[in-house]
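Trainee: The structure's right below; bear with me while I get my questions together.
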Amino acid sequence: MRLAARPSGAPTAANFALVETSIPDLADGEILVRNTWMSVDPYMRGRMDDKPSYIPPFQLGQALEGSAAGEVIASRSADIPVGTTVTHFAGWREHAVLEAAHATPIDTALAATHHYLGALGTTGLTAYAALTDVAPVRPGDTVFISAAAGAVGSVAGQLARRLGAGRVIGSAGGPAKTRLLTEEFGFDAAIDYRAGDLPGQLRSAAPDGIDVYLDSVGGEQLRAAVAAMRPHGRVALVGAISGYNGETDRPGPDLFLAATREITLRGMLVNSYFPLFGEYIAKAAGWLAEGTLRTRETVYDGLEQAPAAFLGVLTGANSGKMLVRLDQRSRKATRKPAAVAMPTHQPPSR
């Protein structure tokens with residue numbers, strides 16, 4: 001899947017082109033991966049624009065990229081033999097040739113492959129780093145999480161509780177998602193941002209204020225959260241999806257209020273926390289296996305549906321992690337847009 005044109009405002013299917021190309025021969029040290037899963041994530045919207053950022057923009061006429069997982073079907077590396085399941089960054093394609101050093105073997109006996117793109121991947125690590133280092137949760141804290149039914153937020157709410165939060169509040173769009181927060185993910189209260197009056201809803205959910213806010217949205221939700229902060233509150237600035245399409249009239253937080261309450265607003269890039277991956281996976285895989293870390297995935301089938309999945313994640317069409325299944329058998333069976341919600345993860349049978 002290639003970038004056919006750069007978007008102006010919200011992207012559309014016309015910005016993508018599905019092409020067939022030959023698979024090159026392997027050089028020494030390279031592997032060929034048959035991708036089975038790929039991830040679509042909000043940060044990819046910024047890469048569609050030709051402007052400097054923390055990660056280079058996608059190039060016109062060239063394959064897109066992003067996190068993916070699959071099976072090594074050919075190898076010229078002694079380090080990664082045929083049959084190994086790996087994660088890597090050459091998504092948006094059915095097969096990938098890459099240097100073995102750029103792939104990470106994963107243990108599929110520990111957890112299913114797709115979890116390494118979600119709860120055990122960078123989205124899970126983002127939640128963990130945000131609430132343990134960027135805006136650390138302390139026992140008894142009231143924690144507010146935006147985009148709480150999404151990939152990062154749904155994990156973050158559960159981690160906040162595990163870290164000792166006294167009350168966990170999430171925001172999501174619509175009654176179905178707010179019910180998901182309280183009924184499946186264990187949030188104490190849920191705010192429907194589409195219902196309006198965010199400050200009023202937040203006051204009702206947290207009458208004594210909040211201590212920690214994990215922000216993936218920016219704009220009005222960030223402003224409401226800062227206004228509700230107690231002195232010495234902490235904000236983890238993880239994303240700002242409300243402005244990814246170039247909207248200019250977005251309300252910002254009251255920085256004078258933040259200063260007088262000595263609030264910390266700290267940005268984060270997950271790649272700064274890759275050294276924590278081993279520590280995090282060792283903990284989170286156990287939580288998954290015992291069923292105390294609950295997950296949900298929204299899945300589109302086939303590479304041709306990757307643009308639809310990506311556009312969906314930008315508009316909040318997903319519950320939990322948005323994934324594209326690239327198994328060729330599924331691709332042949334599914335020729336039209338299809339999204340299915342995978343059930344909450346349950347512990348394996350003994």
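Each chain in the structure tokens gets a letter, A, B and so on, in the order shown; residues start at 1 in every chain, and ligands are counted from 1 in the order they appear.
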Taking the DSSP assignment computed from this structure's backbone, write out as a PyMOL selection string all residues of segment 65-258 of chain A that belong to strand (DSSP E or B).
Mentor: chain A and resi 66+68-75+85-88+90+95-99+104-105+142-145+150+167-172+189-192+210-215+229-237
Trainee: Find, counting only C-alpha atoms, the residue in A:Ala258, A:Met268, A:Ile145, A:Val152 that gets nearest to Gln221 of chain A.
Mentor: A:Ile145
Trainee: Mind running segment 283-328 of chain A against segment 32-38 of chain A at 12 Å and telling me each contacting residue's nearest atom pair with the distance in Å (one decimal), counting only C-alpha atoms, chain and number ascending, as CSV?
Mentor:
residue,atom,partner,partner_atom,distance
A:Val299,CA,A:Trp37,CA,9.6
A:Tyr300,CA,A:Trp37,CA,10.0
A:Asp301,CA,A:Trp37,CA,9.4
A:Gly302,CA,A:Trp37,CA,9.5
A:Leu303,CA,A:Met38,CA,8.9
A:Gln305,CA,A:Met38,CA,11.3
A:Ala306,CA,A:Met38,CA,8.6
A:Pro307,CA,A:Met38,CA,11.8
A:Ala309,CA,A:Met38,CA,10.5
A:Phe310,CA,A:Met38,CA,10.9
A:Lys321,CA,A:Met38,CA,11.0
A:Met322,CA,A:Met38,CA,9.1
A:Leu323,CA,A:Met38,CA,5.9
A:Val324,CA,A:Met38,CA,5.2
A:Arg325,CA,A:Trp37,CA,4.6
A:Leu326,CA,A:Thr36,CA,4.5
A:Asp327,CA,A:Thr36,CA,4.9
A:Gln328,CA,A:Thr36,CA,8.1
Trainee: Could you write out that same residue set with N, CA and C atoms as a JSON list (two decimals), in the first residue's frame?
Mentor:
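Output contents, as saved in part-v9.json:
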[["chain", "number", "residue", "atom", "x", "y", "z"],
["A", 299, "VAL", "N", -10.93, -5.48, 14.02],
["A", 299, "VAL", "CA", -10.10, -6.10, 13.00],
["A", 299, "VAL", "C", -10.73, -5.94, 11.62],
["A", 300, "TYR", "N", -9.93, -5.45, 10.68],
["A", 300, "TYR", "CA", -10.28, -5.44, 9.26],
["A", 300, "TYR", "C", -9.48, -6.54, 8.57],
["A", 301, "ASP", "N", -10.08, -7.19, 7.59],
["A", 301, "ASP", "CA", -9.44, -8.30, 6.91],
["A", 301, "ASP", "C", -8.93, -7.90, 5.52],
["A", 302, "GLY", "N", -7.64, -8.12, 5.27],
["A", 302, "GLY", "CA", -7.07, -7.91, 3.95],
["A", 302, "GLY", "C", -6.36, -6.58, 3.81],
["A", 303, "LEU", "N", -5.25, -6.60, 3.09],
["A", 303, "LEU", "CA", -4.47, -5.38, 2.90],
["A", 303, "LEU", "C", -5.28, -4.28, 2.23],
["A", 305, "GLN", "N", -8.12, -3.42, 2.83],
["A", 305, "GLN", "CA", -8.95, -2.73, 3.82],
["A", 305, "GLN", "C", -8.13, -1.89, 4.80],
["A", 306, "ALA", "N", -6.80, -1.87, 4.63],
["A", 306, "ALA", "CA", -5.97, -1.09, 5.56],
["A", 306, "ALA", "C", -6.32, 0.40, 5.55],
["A", 307, "PRO", "N", -6.54, 1.04, 4.38],
["A", 307, "PRO", "CA", -6.93, 2.45, 4.44],
["A", 307, "PRO", "C", -8.23, 2.69, 5.21],
["A", 309, "ALA", "N", -9.39, 0.90, 7.64],
["A", 309, "ALA", "CA", -9.08, 0.75, 9.06],
["A", 309, "ALA", "C", -8.40, 2.00, 9.60],
["A", 310, "PHE", "N", -7.46, 2.54, 8.84],
["A", 310, "PHE", "CA", -6.74, 3.74, 9.27],
["A", 310, "PHE", "C", -7.69, 4.93, 9.38],
["A", 321, "LYS", "N", -7.77, -1.86, 20.24],
["A", 321, "LYS", "CA", -6.75, -1.72, 19.21],
["A", 321, "LYS", "C", -7.32, -1.97, 17.82],
["A", 322, "MET", "N", -7.00, -1.10, 16.87],
["A", 322, "MET", "CA", -7.38, -1.31, 15.47],
["A", 322, "MET", "C", -6.27, -2.08, 14.78],
["A", 323, "LEU", "N", -6.63, -3.21, 14.16],
["A", 323, "LEU", "CA", -5.67, -4.08, 13.50],
["A", 323, "LEU", "C", -6.18, -4.47, 12.11],
["A", 324, "VAL", "N", -5.23, -4.84, 11.24],
["A", 324, "VAL", "CA", -5.56, -5.40, 9.94],
["A", 324, "VAL", "C", -4.94, -6.79, 9.89],
["A", 325, "ARG", "N", -5.78, -7.79, 9.59],
["A", 325, "ARG", "CA", -5.30, -9.16, 9.47],
["A", 325, "ARG", "C", -4.90, -9.41, 8.02],
["A", 326, "LEU", "N", -3.66, -9.83, 7.83],
["A", 326, "LEU", "CA", -3.11, -9.97, 6.48],
["A", 326, "LEU", "C", -2.97, -11.41, 6.03],
["A", 327, "ASP", "N", -3.51, -12.34, 6.79],
["A", 327, "ASP", "CA", -3.48, -13.73, 6.37],
["A", 327, "ASP", "C", -4.12, -13.84, 4.99],
["A", 328, "GLN", "N", -3.40, -14.40, 4.02],
["A", 328, "GLN", "CA", -3.88, -14.42, 2.64],
["A", 328, "GLN", "C", -5.19, -15.18, 2.48]]
Trainee: Choose the residue, out of A:Ala224, A:Leu198, A:Leu26, A:Ala151, that has the smallest atom-to-atom separation from Val40 of chain A; count only C-alpha atoms.
Mentor: A:Ala151
Trainee: Dump as JSON lines the rows for residues of segment 139-180 of chain A within 12 Å of segment 272-284 of chain A: closest atom pair and distance in Å with one decimal, only C-alpha atoms counted, ordered by chain and rising residue number.
Mentor:
{"residue": "A:Val155", "atom": "CA", "partner": "A:Ala284", "partner_atom": "CA", "distance": 10.0}
{"residue": "A:Ala156", "atom": "CA", "partner": "A:Ala284", "partner_atom": "CA", "distance": 11.8}
{"residue": "A:Gln158", "atom": "CA", "partner": "A:Ala284", "partner_atom": "CA", "distance": 11.1}
{"residue": "A:Leu159", "atom": "CA", "partner": "A:Ala284", "partner_atom": "CA", "distance": 9.6}
{"residue": "A:Arg162", "atom": "CA", "partner": "A:Ala284", "partner_atom": "CA", "distance": 11.3}
Trainee: Work out how far atom CA of Glu30 of chain A is from atom CA of His102 of chain A, in Å to one decimal.
Mentor: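 Going from atom CA of His102 of chain A over to atom CA of Glu30 of chain A, I get 9.3 Å.
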Trainee: Atom CA of Tyr244 of chain A and atom CA of Ala205 of chain A are how many Å apart?
Mentor: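 Taking atom CA of Tyr244 of chain A and atom CA of Ala205 of chain A, their separation equals 28.0 Å.
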Trainee: Step one, run DSSP on the backbone; step two, keep only residues of segment 39-284 of chain A assigned to helix (DSSP H, G or I); then write them as a VMD selection string.
Mentor: chain A and resid 44 to 47 100 to 102 113 to 117 122 to 134 151 to 162 175 to 183 193 to 195 198 to 205 219 to 227 241 to 243 255 to 260 270 to 284
